[in-house]
Amino acid sequence: MEKTEIYGKISCIVYDHLTYFTTEVADHLKLPTTLLRPSKSQLLDPVPKVPLLRFKDLPFILTYEIPEPLLQLLEKVTNLGSSVVIIWNTIEHLENRALSWLQQHYDQVPIFTIGHLHKIASSLLTSLAEEDASCIFWLDTQATNYVLYVSLGSIVVMDKNEFIETAWGLFNRILYFLWVIRSNNSMGVWNSIELLNGYLEAIGDRGRIVKWAPQKDVLSHRAIGGFWSHCGWNSTLECILQGVPMICRLCFGDQKVNARYLTHVWMVGLELGPDDLSRYVIESTIRKLMVDEEGKQLK
């Protein structure tokens, strides 16, 4: 039996815009394509049409002269190729203005929003690392909206100073926290903790540290009252879906755009910038989110 009889014939290729070379394969095989934009749509909006964004909020650092390699990359990732449809991992209500502008720009190609993709894939094993489900049992013992979830995703790495300031900023609060410290970061989980003599003993049951967490289950748990995030688009959508206010520790790429919209348009987050990473500012920001009236309004 041929494989085509088992799986059926391929009728269309769905590809990520960064794998633009896929269109050449599709053209060779005479197959139609569907372009998937997994990031938020404002990423491609020019600043003059989005006055809310400052140049510092853009995914790339731009000056009066745009580097030629960047121009070439943007040209490739915005080219539809032979795609007959664009699907976007976003929600119409969140990005209505940008989606309307993009539909005018790509007037011959329909755009469909299919977010949240993580809900569609909820039954699949999509985690990048082994999840520590024991943290859910720990959350079960905590009060409602009382725990701050801290995770900077799968790529972002804290340097030594930020790690120490974050740890003591969390320690100074009376609230409880669940902190993801990946084993593949620059220092490793327990090597990081060794920087903080007596830290684990000091926090006791007020804090839980894991190498990786089942994030969708964590964010939907009643005990979670806030999410300290790097503002990746998947984490942003997951958080909005669960109605959890955010502390936005943006780092690079589209995270800067996401954070700007989270804090100034959708009004569901507080920004923690690179100059705010002292334990005192961190503690103050946590208080605003988790205790003060400002955080209640965000939620």
# chains A, B, ... in the order shown; residues from 1 in each chain; ligands from 1
>>> residues_around(residues="Ile87 (chain A)", least_positions_apart="6", cutoff="8 Å", atoms="only C-alpha atoms", output="VMD selection string")
chain A and resid 34 to 37 111 to 114
>>> residues_around(residues="Leu250 (chain A)", least_positions_apart="3", cutoff="8 Å", atoms="only C-alpha atoms", output="ChimeraX atom specification")
/A:229-231,255-256,259,271-273
>>> select_by_dssp(residues="region 101-158 of chain A", states="helix (DSSP H, G or I)", output="MDAnalysis selection string")
chainID A and resid 101:105 117:120 134:140
>>> closest_residue(among="A:Lys76, A:Val218, A:Ile247, A:Ile136", to="Val281 (chain A)", atoms="only C-alpha atoms")
A:Ile247
>>> residues_around(residues="Asp27 (chain A)", least_positions_apart="3", cutoff="12 Å", atoms="only C-alpha atoms", output="list in words")
Cys12, Ile13, Phe21, Thr22, Thr23, Glu24, Lys30, Leu31, Pro32, Thr33, Gly81, Ser82 and Ser83 of chain A
>>> write_last_selection(atoms="N, CA, C and O atoms", output="mmCIF file, in the first residue's frame")
data_model
loop_
_atom_site.group_PDB
_atom_site.id
_atom_site.type_symbol
_atom_site.label_atom_id
_atom_site.label_comp_id
_atom_site.auth_asym_id
_atom_site.auth_seq_id
_atom_site.Cartn_x
_atom_site.Cartn_y
_atom_site.Cartn_z
ATOM 1 N N CYS A 12 -2.518 21.162 0.026
ATOM 2 C CA CYS A 12 -2.097 22.534 0.321
ATOM 3 C C CYS A 12 -0.957 22.489 1.335
ATOM 4 O O CYS A 12 -0.905 21.583 2.169
ATOM 5 N N ILE A 13 -0.045 23.449 1.247
ATOM 6 C CA ILE A 13 1.045 23.568 2.212
ATOM 7 C C ILE A 13 0.827 24.826 3.047
ATOM 8 O O ILE A 13 0.691 25.920 2.511
ATOM 9 N N PHE A 21 11.046 30.149 1.868
ATOM 10 C CA PHE A 21 11.569 29.274 0.814
ATOM 11 C C PHE A 21 10.623 28.129 0.491
ATOM 12 O O PHE A 21 10.745 27.466 -0.541
ATOM 13 N N THR A 22 9.640 27.909 1.373
ATOM 14 C CA THR A 22 8.662 26.844 1.139
ATOM 15 C C THR A 22 7.893 27.075 -0.152
ATOM 16 O O THR A 22 7.472 26.125 -0.824
ATOM 17 N N THR A 23 7.701 28.335 -0.521
ATOM 18 C CA THR A 23 6.904 28.630 -1.716
ATOM 19 C C THR A 23 7.557 28.075 -2.978
ATOM 20 O O THR A 23 6.860 27.705 -3.928
ATOM 21 N N GLU A 24 8.884 28.021 -3.012
ATOM 22 C CA GLU A 24 9.570 27.479 -4.181
ATOM 23 C C GLU A 24 9.267 25.989 -4.327
ATOM 24 O O GLU A 24 9.067 25.484 -5.444
ATOM 25 N N LYS A 30 3.477 22.307 -7.817
ATOM 26 C CA LYS A 30 2.191 22.823 -8.289
ATOM 27 C C LYS A 30 1.100 22.666 -7.225
ATOM 28 O O LYS A 30 -0.025 22.230 -7.496
ATOM 29 N N LEU A 31 1.475 23.041 -5.998
ATOM 30 C CA LEU A 31 0.540 22.987 -4.880
ATOM 31 C C LEU A 31 0.222 24.393 -4.405
ATOM 32 O O LEU A 31 1.107 25.257 -4.360
ATOM 33 N N PRO A 32 -1.035 24.660 -4.016
ATOM 34 C CA PRO A 32 -1.356 25.972 -3.424
ATOM 35 C C PRO A 32 -0.774 26.074 -2.018
ATOM 36 O O PRO A 32 -0.496 25.047 -1.377
ATOM 37 N N THR A 33 -0.583 27.290 -1.548
ATOM 38 C CA THR A 33 -0.035 27.506 -0.204
ATOM 39 C C THR A 33 -0.943 28.429 0.591
ATOM 40 O O THR A 33 -1.691 29.236 0.043
ATOM 41 N N GLY A 81 4.103 35.206 -1.985
ATOM 42 C CA GLY A 81 4.384 34.100 -2.875
ATOM 43 C C GLY A 81 3.126 33.682 -3.608
ATOM 44 O O GLY A 81 2.376 34.516 -4.126
ATOM 45 N N SER A 82 2.843 32.391 -3.616
ATOM 46 C CA SER A 82 1.657 31.880 -4.305
ATOM 47 C C SER A 82 0.496 31.629 -3.352
ATOM 48 O O SER A 82 -0.487 30.978 -3.733
ATOM 49 N N SER A 83 0.596 32.119 -2.133
ATOM 50 C CA SER A 83 -0.442 31.844 -1.129
ATOM 51 C C SER A 83 -1.787 32.423 -1.561
ATOM 52 O O SER A 83 -1.869 33.549 -2.061
#
>>> atom_distance(atom1="CA of Arg279 (chain A)", atom2="CA of Phe163 (chain A)")
10.0 Å
>>> closest_residue(among="A:Thr90, A:Thr144, A:Thr19, A:Asn161", to="Thr78 (chain A)", atoms="only C-alpha atoms")
A:Thr19
>>> select_by_dssp(residues="region 75-290 of chain A", states="strand (DSSP E or B)", output="NGL selection string")
:A and (83-88 or 111-113 or 147-151 or 176-180 or 207-210 or 224-229 or 246-248 or 269-271)
>>> atom_distance(atom1="CA of Asp140 (chain A)", atom2="CA of His221 (chain A)")
8.2 Å
>>> closest_residue(among="A:Ala202, A:Met267, A:Ile91, A:Leu102", to="Leu117 (chain A)", atoms="only C-alpha atoms")
A:Ile91
